[in-house]
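*Asks:* Following this line is data16.pdb, made up of PDB, C-alpha atoms:
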MODEL        1
ATOM      1  CA  MET A   1      14.707  12.309 -20.507  1.00  0.00           C
ATOM      2  CA  GLU A   2      17.060  15.286 -20.246  1.00  0.00           C
ATOM      3  CA  LYS A   3      14.410  17.827 -21.287  1.00  0.00           C
ATOM      4  CA  LEU A   4      11.896  16.469 -18.781  1.00  0.00           C
ATOM      5  CA  GLY A   5      14.578  16.384 -16.082  1.00  0.00           C
ATOM      6  CA  ALA A   6      15.600  19.980 -16.809  1.00  0.00           C
ATOM      7  CA  ALA A   7      11.964  21.126 -16.696  1.00  0.00           C
ATOM      8  CA  ALA A   8      11.408  19.269 -13.402  1.00  0.00           C
ATOM      9  CA  ARG A   9      14.473  20.876 -11.793  1.00  0.00           C
ATOM     10  CA  ARG A  10      12.991  24.360 -12.240  1.00  0.00           C
ATOM     11  CA  LEU A  11       9.845  23.458 -10.289  1.00  0.00           C
ATOM     12  CA  LYS A  12       9.026  24.099  -6.642  1.00  0.00           C
ATOM     13  CA  PRO A  13      11.335  22.048  -4.374  1.00  0.00           C
ATOM     14  CA  TRP A  14      10.084  19.140  -2.282  1.00  0.00           C
ATOM     15  CA  ALA A  15      11.475  15.918  -0.818  1.00  0.00           C
ATOM     16  CA  GLY A  16       9.524  13.589  -3.122  1.00  0.00           C
ATOM     17  CA  PRO A  17      10.021  12.513  -6.736  1.00  0.00           C
ATOM     18  CA  ARG A  18      10.300  15.217  -9.403  1.00  0.00           C
ATOM     19  CA  LEU A  19       9.853  12.806 -12.322  1.00  0.00           C
ATOM     20  CA  VAL A  20       7.177  10.106 -12.337  1.00  0.00           C
ATOM     21  CA  LEU A  21       6.923   7.472 -15.049  1.00  0.00           C
ATOM     22  CA  VAL A  22       3.327   6.243 -15.233  1.00  0.00           C
ATOM     23  CA  SER A  23       2.594   2.763 -16.545  1.00  0.00           C
ATOM     24  CA  ASP A  24      -0.567   2.052 -18.498  1.00  0.00           C
ATOM     25  CA  PRO A  25      -2.146  -1.384 -19.117  1.00  0.00           C
ATOM     26  CA  VAL A  26      -2.512  -0.565 -22.839  1.00  0.00           C
ATOM     27  CA  ARG A  27       0.201   1.926 -23.762  1.00  0.00           C
ATOM     28  CA  LEU A  28       2.955   0.906 -21.326  1.00  0.00           C
ATOM     29  CA  PRO A  29       2.160  -2.496 -19.772  1.00  0.00           C
ATOM     30  CA  ASP A  30       5.836  -3.168 -18.982  1.00  0.00           C
ATOM     31  CA  PRO A  31       7.701  -0.055 -17.788  1.00  0.00           C
ATOM     32  CA  ARG A  32      10.843  -1.907 -16.655  1.00  0.00           C
ATOM     33  CA  ALA A  33      13.126  -0.786 -19.515  1.00  0.00           C
ATOM     34  CA  LEU A  34      12.166   2.877 -19.107  1.00  0.00           C
ATOM     35  CA  ALA A  35      12.330   2.661 -15.301  1.00  0.00           C
ATOM     36  CA  ALA A  36      15.911   1.402 -15.523  1.00  0.00           C
ATOM     37  CA  ARG A  37      16.839   4.664 -17.294  1.00  0.00           C
ATOM     38  CA  LEU A  38      15.291   6.985 -14.671  1.00  0.00           C
ATOM     39  CA  PRO A  39      17.580   9.027 -12.429  1.00  0.00           C
ATOM     40  CA  PRO A  40      17.777   8.182  -8.707  1.00  0.00           C
ATOM     41  CA  GLY A  41      14.937   9.815  -6.771  1.00  0.00           C
ATOM     42  CA  ALA A  42      12.445   9.552  -9.646  1.00  0.00           C
ATOM     43  CA  ALA A  43       9.329   7.402  -9.258  1.00  0.00           C
ATOM     44  CA  VAL A  44       7.323   4.844 -11.169  1.00  0.00           C
ATOM     45  CA  LEU A  45       3.560   4.738 -10.773  1.00  0.00           C
ATOM     46  CA  ALA A  46       2.625   1.133 -11.573  1.00  0.00           C
ATOM     47  CA  ARG A  47      -0.959   0.675 -12.735  1.00  0.00           C
ATOM     48  CA  GLY A  48      -2.456  -2.645 -13.796  1.00  0.00           C
ATOM     49  CA  LEU A  49       0.804  -4.579 -14.083  1.00  0.00           C
ATOM     50  CA  ALA A  50       1.109  -8.335 -14.399  1.00  0.00           C
ATOM     51  CA  PRO A  51       2.517  -9.848 -11.155  1.00  0.00           C
ATOM     52  CA  GLU A  52       5.881 -10.823 -12.696  1.00  0.00           C
ATOM     53  CA  VAL A  53       6.295  -7.310 -14.125  1.00  0.00           C
ATOM     54  CA  ALA A  54       5.443  -5.711 -10.754  1.00  0.00           C
ATOM     55  CA  GLY A  55       8.044  -7.865  -8.963  1.00  0.00           C
ATOM     56  CA  GLY A  56      10.706  -7.064 -11.534  1.00  0.00           C
ATOM     57  CA  LEU A  57       9.856  -3.380 -11.367  1.00  0.00           C
ATOM     58  CA  ALA A  58      10.234  -3.401  -7.574  1.00  0.00           C
ATOM     59  CA  ALA A  59      13.731  -4.873  -7.959  1.00  0.00           C
ATOM     60  CA  ILE A  60      14.667  -2.194 -10.528  1.00  0.00           C
ATOM     61  CA  ALA A  61      13.327   0.508  -8.200  1.00  0.00           C
ATOM     62  CA  ARG A  62      15.440  -0.748  -5.299  1.00  0.00           C
ATOM     63  CA  ARG A  63      18.611  -0.971  -7.413  1.00  0.00           C
ATOM     64  CA  GLY A  64      18.047   2.430  -9.036  1.00  0.00           C
ATOM     65  CA  ARG A  65      16.966   4.189  -5.816  1.00  0.00           C
ATOM     66  CA  LEU A  66      13.574   4.964  -7.343  1.00  0.00           C
ATOM     67  CA  ARG A  67      10.286   5.434  -5.520  1.00  0.00           C
ATOM     68  CA  LEU A  68       7.671   2.875  -6.518  1.00  0.00           C
ATOM     69  CA  LEU A  69       3.963   3.642  -6.252  1.00  0.00           C
ATOM     70  CA  VAL A  70       1.305   1.015  -6.841  1.00  0.00           C
ATOM     71  CA  GLY A  71      -1.939   2.301  -8.288  1.00  0.00           C
ATOM     72  CA  GLY A  72      -5.087   1.191  -6.476  1.00  0.00           C
ATOM     73  CA  ASP A  73      -3.846  -1.852  -4.537  1.00  0.00           C
ATOM     74  CA  GLY A  74      -2.663  -1.245  -0.979  1.00  0.00           C
ATOM     75  CA  ARG A  75      -1.895  -4.909  -0.277  1.00  0.00           C
ATOM     76  CA  LEU A  76       0.330  -5.199  -3.353  1.00  0.00           C
ATOM     77  CA  ALA A  77       2.032  -1.941  -2.371  1.00  0.00           C
ATOM     78  CA  LEU A  78       2.815  -3.385   1.070  1.00  0.00           C
ATOM     79  CA  ARG A  79       4.116  -6.665  -0.410  1.00  0.00           C
ATOM     80  CA  LEU A  80       6.456  -4.714  -2.696  1.00  0.00           C
ATOM     81  CA  GLY A  81       7.483  -2.180  -0.028  1.00  0.00           C
ATOM     82  CA  ALA A  82       6.019   0.539  -2.251  1.00  0.00           C
ATOM     83  CA  GLY A  83       3.885   3.606  -1.839  1.00  0.00           C
ATOM     84  CA  LEU A  84       0.229   3.754  -2.854  1.00  0.00           C
ATOM     85  CA  HIS A  85      -1.479   5.922  -5.460  1.00  0.00           C
ATOM     86  CA  LEU A  86      -5.221   6.400  -5.073  1.00  0.00           C
ATOM     87  CA  PRO A  87      -7.030   6.753  -8.401  1.00  0.00           C
ATOM     88  CA  ASP A  88      -9.762   9.385  -8.483  1.00  0.00           C
ATOM     89  CA  ARG A  89     -12.481   7.323 -10.118  1.00  0.00           C
ATOM     90  CA  ASP A  90     -11.710   3.670  -9.361  1.00  0.00           C
ATOM     91  CA  GLY A  91     -11.938   1.792  -6.094  1.00  0.00           C
ATOM     92  CA  VAL A  92      -8.856   0.911  -4.095  1.00  0.00           C
ATOM     93  CA  ALA A  93      -8.230  -2.535  -2.643  1.00  0.00           C
ATOM     94  CA  GLY A  94      -6.466  -2.805   0.709  1.00  0.00           C
ATOM     95  CA  VAL A  95      -6.315   0.889   1.503  1.00  0.00           C
ATOM     96  CA  LEU A  96      -6.960   0.433   5.241  1.00  0.00           C
ATOM     97  CA  PRO A  97      -4.109  -2.079   5.773  1.00  0.00           C
ATOM     98  CA  PHE A  98      -1.841   0.280   3.837  1.00  0.00           C
ATOM     99  CA  LEU A  99      -2.862   3.306   5.916  1.00  0.00           C
ATOM    100  CA  ARG A 100      -2.284   1.375   9.178  1.00  0.00           C
ATOM    101  CA  ALA A 101       1.098   0.036   8.024  1.00  0.00           C
ATOM    102  CA  ARG A 102       2.145   3.451   6.761  1.00  0.00           C
ATOM    103  CA  ARG A 103       2.355   4.910  10.256  1.00  0.00           C
ATOM    104  CA  GLY A 104       6.004   5.274  11.153  1.00  0.00           C
ATOM    105  CA  ARG A 105       7.237   4.160   7.713  1.00  0.00           C
ATOM    106  CA  ARG A 106       8.321   6.165   4.672  1.00  0.00           C
ATOM    107  CA  LEU A 107       5.569   4.885   2.379  1.00  0.00           C
ATOM    108  CA  LEU A 108       4.468   7.595  -0.027  1.00  0.00           C
ATOM    109  CA  LEU A 109       0.719   8.147  -0.458  1.00  0.00           C
ATOM    110  CA  THR A 110      -0.530  10.081  -3.485  1.00  0.00           C
ATOM    111  CA  ALA A 111      -3.969  10.681  -4.957  1.00  0.00           C
ATOM    112  CA  ALA A 112      -5.245  11.536  -8.408  1.00  0.00           C
ATOM    113  CA  VAL A 113      -7.154  14.802  -8.599  1.00  0.00           C
ATOM    114  CA  HIS A 114      -9.386  15.774 -11.514  1.00  0.00           C
ATOM    115  CA  GLY A 115     -11.776  18.068  -9.647  1.00  0.00           C
ATOM    116  CA  ARG A 116     -13.373  18.974  -6.320  1.00  0.00           C
ATOM    117  CA  ARG A 117     -14.213  15.407  -5.303  1.00  0.00           C
ATOM    118  CA  GLY A 118     -10.592  14.332  -5.666  1.00  0.00           C
ATOM    119  CA  LEU A 119      -9.424  17.391  -3.726  1.00  0.00           C
ATOM    120  CA  ALA A 120     -11.727  16.578  -0.813  1.00  0.00           C
ATOM    121  CA  ARG A 121     -10.587  12.949  -0.740  1.00  0.00           C
ATOM    122  CA  ALA A 122      -6.904  13.917  -0.841  1.00  0.00           C
ATOM    123  CA  ARG A 123      -7.360  16.290   2.107  1.00  0.00           C
ATOM    124  CA  ARG A 124      -9.404  13.757   4.091  1.00  0.00           C
ATOM    125  CA  LEU A 125      -6.717  11.071   3.678  1.00  0.00           C
ATOM    126  CA  ALA A 126      -3.829  13.501   4.297  1.00  0.00           C
ATOM    127  CA  VAL A 127      -1.921  12.332   1.221  1.00  0.00           C
ATOM    128  CA  ASP A 128       1.698  13.350   0.719  1.00  0.00           C
ATOM    129  CA  ALA A 129       1.079  14.695  -2.791  1.00  0.00           C
ATOM    130  CA  VAL A 130      -1.621  14.974  -5.434  1.00  0.00           C
ATOM    131  CA  VAL A 131      -1.323  14.137  -9.114  1.00  0.00           C
ATOM    132  CA  VAL A 132      -3.449  16.771 -10.836  1.00  0.00           C
ATOM    133  CA  SER A 133      -4.528  16.054 -14.387  1.00  0.00           C
ATOM    134  CA  PRO A 134      -4.854  16.546 -17.236  1.00  0.00           C
ATOM    135  CA  VAL A 135      -2.730  19.650 -17.563  1.00  0.00           C
ATOM    136  CA  PHE A 136      -2.650  19.283 -21.382  1.00  0.00           C
ATOM    137  CA  PRO A 137      -4.720  17.202 -23.832  1.00  0.00           C
ATOM    138  CA  THR A 138      -3.697  13.574 -23.588  1.00  0.00           C
ATOM    139  CA  ARG A 139      -4.064  10.318 -25.492  1.00  0.00           C
ATOM    140  CA  SER A 140      -5.430   8.713 -22.317  1.00  0.00           C
ATOM    141  CA  HIS A 141      -8.622  10.731 -22.697  1.00  0.00           C
ATOM    142  CA  PRO A 142      -9.090  11.505 -26.410  1.00  0.00           C
ATOM    143  CA  GLY A 143     -11.260  14.522 -27.088  1.00  0.00           C
ATOM    144  CA  MET A 144     -11.002  15.788 -23.509  1.00  0.00           C
ATOM    145  CA  ARG A 145      -9.569  19.265 -23.140  1.00  0.00           C
ATOM    146  CA  GLY A 146      -6.657  19.741 -20.806  1.00  0.00           C
ATOM    147  CA  LEU A 147      -6.990  22.096 -17.860  1.00  0.00           C
ATOM    148  CA  GLY A 148      -4.253  24.324 -19.226  1.00  0.00           C
ATOM    149  CA  PRO A 149      -1.503  25.772 -17.036  1.00  0.00           C
ATOM    150  CA  MET A 150      -3.630  28.407 -15.263  1.00  0.00           C
ATOM    151  CA  ARG A 151      -6.597  26.182 -14.402  1.00  0.00           C
ATOM    152  CA  TRP A 152      -4.197  23.397 -13.433  1.00  0.00           C
ATOM    153  CA  ALA A 153      -2.397  25.746 -11.030  1.00  0.00           C
ATOM    154  CA  GLY A 154      -5.706  26.868  -9.498  1.00  0.00           C
ATOM    155  CA  LEU A 155      -6.806  23.293  -8.836  1.00  0.00           C
ATOM    156  CA  ALA A 156      -3.357  22.302  -7.568  1.00  0.00           C
ATOM    157  CA  ARG A 157      -3.183  25.220  -5.133  1.00  0.00           C
ATOM    158  CA  ARG A 158      -6.562  24.303  -3.653  1.00  0.00           C
ATOM    159  CA  ALA A 159      -5.221  20.840  -2.830  1.00  0.00           C
ATOM    160  CA  GLY A 160      -3.040  22.191  -0.045  1.00  0.00           C
ATOM    161  CA  ARG A 161      -0.495  19.462  -0.859  1.00  0.00           C
ATOM    162  CA  PRO A 162       2.485  19.230  -3.204  1.00  0.00           C
ATOM    163  CA  ALA A 163       1.103  18.817  -6.737  1.00  0.00           C
ATOM    164  CA  ILE A 164       2.543  16.753  -9.579  1.00  0.00           C
ATOM    165  CA  ALA A 165       1.430  17.588 -13.143  1.00  0.00           C
ATOM    166  CA  LEU A 166       0.142  14.747 -15.348  1.00  0.00           C
ATOM    167  CA  GLY A 167      -1.595  14.673 -18.687  1.00  0.00           C
ATOM    168  CA  GLY A 168       0.006  15.292 -22.042  1.00  0.00           C
ATOM    169  CA  VAL A 169       3.313  16.314 -20.435  1.00  0.00           C
ATOM    170  CA  GLY A 170       6.297  15.781 -22.723  1.00  0.00           C
ATOM    171  CA  PRO A 171       9.613  17.328 -23.729  1.00  0.00           C
ATOM    172  CA  ARG A 172       7.960  19.990 -25.904  1.00  0.00           C
ATOM    173  CA  ASN A 173       5.531  21.399 -23.318  1.00  0.00           C
ATOM    174  CA  ALA A 174       7.071  20.521 -19.929  1.00  0.00           C
ATOM    175  CA  GLY A 175       8.379  24.093 -19.650  1.00  0.00           C
ATOM    176  CA  ARG A 176       4.762  25.352 -19.712  1.00  0.00           C
ATOM    177  CA  VAL A 177       3.847  23.492 -16.515  1.00  0.00           C
ATOM    178  CA  PRO A 178       3.442  26.096 -13.742  1.00  0.00           C
ATOM    179  CA  ARG A 179       6.512  26.400 -11.535  1.00  0.00           C
ATOM    180  CA  TRP A 180       4.221  25.885  -8.570  1.00  0.00           C
ATOM    181  CA  ALA A 181       4.218  22.152  -9.430  1.00  0.00           C
ATOM    182  CA  VAL A 182       6.667  19.895  -7.602  1.00  0.00           C
ATOM    183  CA  GLY A 183       7.016  17.265 -10.305  1.00  0.00           C
ATOM    184  CA  LEU A 184       6.134  16.000 -13.770  1.00  0.00           C
ATOM    185  CA  ALA A 185       4.403  12.692 -14.497  1.00  0.00           C
ATOM    186  CA  ALA A 186       4.015  11.149 -17.948  1.00  0.00           C
ATOM    187  CA  ILE A 187       3.425   8.029 -19.998  1.00  0.00           C
ATOM    188  CA  ASP A 188       4.083   9.091 -23.577  1.00  0.00           C
ATOM    189  CA  GLY A 189       6.453  11.863 -22.482  1.00  0.00           C
ATOM    190  CA  PHE A 190       9.014   9.254 -21.444  1.00  0.00           C
ATOM    191  CA  GLN A 191       8.361   6.911 -24.362  1.00  0.00           C
ATOM    192  CA  ALA A 192       9.133   9.682 -26.859  1.00  0.00           C
ATOM    193  CA  LEU A 193      12.698   9.868 -25.573  1.00  0.00           C
TER     194      LEU A 193
ENDMDL
END
Could you take the file, read its structure, and then write that structure out as structure tokens?
*Replies:*
Amino acid sequence: MEKLGAAARRLKPWAGPRLVLVSDPVRLPDPRALAARLPPGAAVLARGLAPEVAGGLAAIARRGRLRLLVGGDGRLALRLGAGLHLPDRDGVAGVLPFLRARRGRRLLLTAAVHGRRGLARARRLAVDAVVVSPVFPTRSHPGMRGLGPMRWAGLARRAGRPAIALGGVGPRNAGRVPRWAVGLAAIDGFQAL
């Protein structure tokens, strides 16, 4: 975690999380043990978690002063007192109640961006940050080429929002993420530590 933390500290400053642990229904269905090791101010993006895992993760986030984001379920995010992450390709349940409740509260709203469609959606919804991916080749999408640092930076700049790098990010290549990024997000990058 030290190498990822050091790489994140050299990135563009912002008030949000600089490290984001991303859960995955197949590769990381229970991120609680890793979340407990994150430094205060980091975030966990919870995707497809079992209800008991989500509740336990929310408790860990509160104790560890972590930001919790729920992927694709605005009602669950509200129940847990968490932020919401909008996936680029999948539908989102309960986004309107979340957007209404978000007014006047510090609930983080992020969106996945893989191309122009995601950029337009992120701007339209006035998200706090975008998660642009994949910066490098990743096991999540075998055979898919990563954007690479330069193309990633171009897409991230067009977002007009703080941009977090996701996709194949780990201790060995985190230093190659453009300094224009505000944070690093990973699944395997945290598990390798």
*Asks:* Evaluating the PyMOL selection byres ((chain A and resi 13) around 12) on the displayed file yields which residues, as a PDB file with C-alpha atoms, in the frame of the given file?
*Replies:*
ATOM      1  CA  ALA A   8      11.408  19.269 -13.402  1.00  0.00           C
ATOM      2  CA  ARG A   9      14.473  20.876 -11.793  1.00  0.00           C
ATOM      3  CA  ARG A  10      12.991  24.360 -12.240  1.00  0.00           C
ATOM      4  CA  LEU A  11       9.845  23.458 -10.289  1.00  0.00           C
ATOM      5  CA  LYS A  12       9.026  24.099  -6.642  1.00  0.00           C
ATOM      6  CA  TRP A  14      10.084  19.140  -2.282  1.00  0.00           C
ATOM      7  CA  ALA A  15      11.475  15.918  -0.818  1.00  0.00           C
ATOM      8  CA  GLY A  16       9.524  13.589  -3.122  1.00  0.00           C
ATOM      9  CA  PRO A  17      10.021  12.513  -6.736  1.00  0.00           C
ATOM     10  CA  ARG A  18      10.300  15.217  -9.403  1.00  0.00           C
ATOM     11  CA  PRO A 162       2.485  19.230  -3.204  1.00  0.00           C
ATOM     12  CA  ALA A 163       1.103  18.817  -6.737  1.00  0.00           C
ATOM     13  CA  ILE A 164       2.543  16.753  -9.579  1.00  0.00           C
ATOM     14  CA  ARG A 179       6.512  26.400 -11.535  1.00  0.00           C
ATOM     15  CA  TRP A 180       4.221  25.885  -8.570  1.00  0.00           C
ATOM     16  CA  ALA A 181       4.218  22.152  -9.430  1.00  0.00           C
ATOM     17  CA  VAL A 182       6.667  19.895  -7.602  1.00  0.00           C
ATOM     18  CA  GLY A 183       7.016  17.265 -10.305  1.00  0.00           C
TER      19      GLY A 183
END
*Asks:* List as a list in words the protein and nucleic acid residues near A:Pro137, meaning an atom at most 8 Å away when all atoms listed in the file are counted, but skip any in the same chain fewer than 6 places from it.
*Replies:*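 What passes the distance filter is Gly143, Met144, Arg145, Gly146, Gly167 and Gly168 of chain A.
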*Asks:* At a cut-off of 8 Å, using all atoms listed in the file, what residues contact stretch 122-130 of chain A? Leave out same-chain residues fewer than 4 positions from it and give the result as a ChimeraX atom specification.
*Replies:* /A:108-113,118,156,159-164
*Asks:* What gap, in Å, lies between atom CA of A:Leu107 and atom CA of A:Gly83?
*Replies:*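 The value is 4.7 Å.
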*Asks:* Report, in Å with one decimal, the straight-line distance from atom CA of A:Ala153 to atom CA of A:Gly115.
*Replies:*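 If I compute the distance from atom CA of A:Ala153 to atom CA of A:Gly115, I get 12.2 Å.
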*Asks:* Any chance you could work out the residue set of the PyMOL selection byres ((chain A and resi 40-42) around 9) here, as a PyMOL selection string?
*Replies:* chain A and resi 16-21+35+38-39+43-44+61+64-68
*Asks:* As AutoDock Vina command-line options, please: the centre and edge lengths in Å, to one decimal, of an axis-aligned box enclosing every listed atom of stretch 7-25 of chain A with 4 Å added on each side.
*Replies:*
--center_x 6.2 --center_y 11.5 --center_z -10.0 --size_x 24.6 --size_y 33.7 --size_z 26.3
*Asks:* Contacts of A:Gly48 at 8 Å or less, counting all atoms listed in the file, minus same-chain residues fewer than 3 places along, as an NGL selection string?
*Replies:* :A and (23-25 or 29 or 71)
*Asks:* Could you write out the selected residues, including C-alpha atoms, as a PDB file, in the frame of the given file?
*Replies:*
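The new file result04.pdb reads:
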ATOM      1  CA  SER A  23       2.594   2.763 -16.545  1.00  0.00           C
ATOM      2  CA  ASP A  24      -0.567   2.052 -18.498  1.00  0.00           C
ATOM      3  CA  PRO A  25      -2.146  -1.384 -19.117  1.00  0.00           C
ATOM      4  CA  PRO A  29       2.160  -2.496 -19.772  1.00  0.00           C
ATOM      5  CA  GLY A  71      -1.939   2.301  -8.288  1.00  0.00           C
TER       6      GLY A  71
END
*Asks:* When you count all atoms listed in the file, which of these residues is closest to A:Ser140: A:Ala93, A:Gly56, A:Arg100, A:Ile187?
*Replies:*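 Residue with the minimum atom-to-atom distance to A:Ser140: A:Ile187.
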*Asks:* Once the PyMOL selection byres ((chain A and resi 47) around 12) is applied to the coordinates I shared, what remains selected? I want it as number ranges by chain.
*Replies:* A: 21-31, 44-46, 48-51, 53-54, 57, 68-73, 76-77, 84-87, 90, 92, 187
*Asks:* State, in Å with one decimal place, the distance from atom CA of A:Gly148 to atom CA of A:Pro171.
*Replies:*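 Atom-to-atom, atom CA of A:Gly148 to atom CA of A:Pro171, that is 16.2 Å.
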*Asks:* Please determine, counting only C-alpha atoms, which residue among A:Ala59, A:Leu34, A:Met150, A:Leu166 has the shortest atom-to-atom distance to A:Pro178.
*Replies:*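 Selected residue with least distance to A:Pro178: A:Met150.
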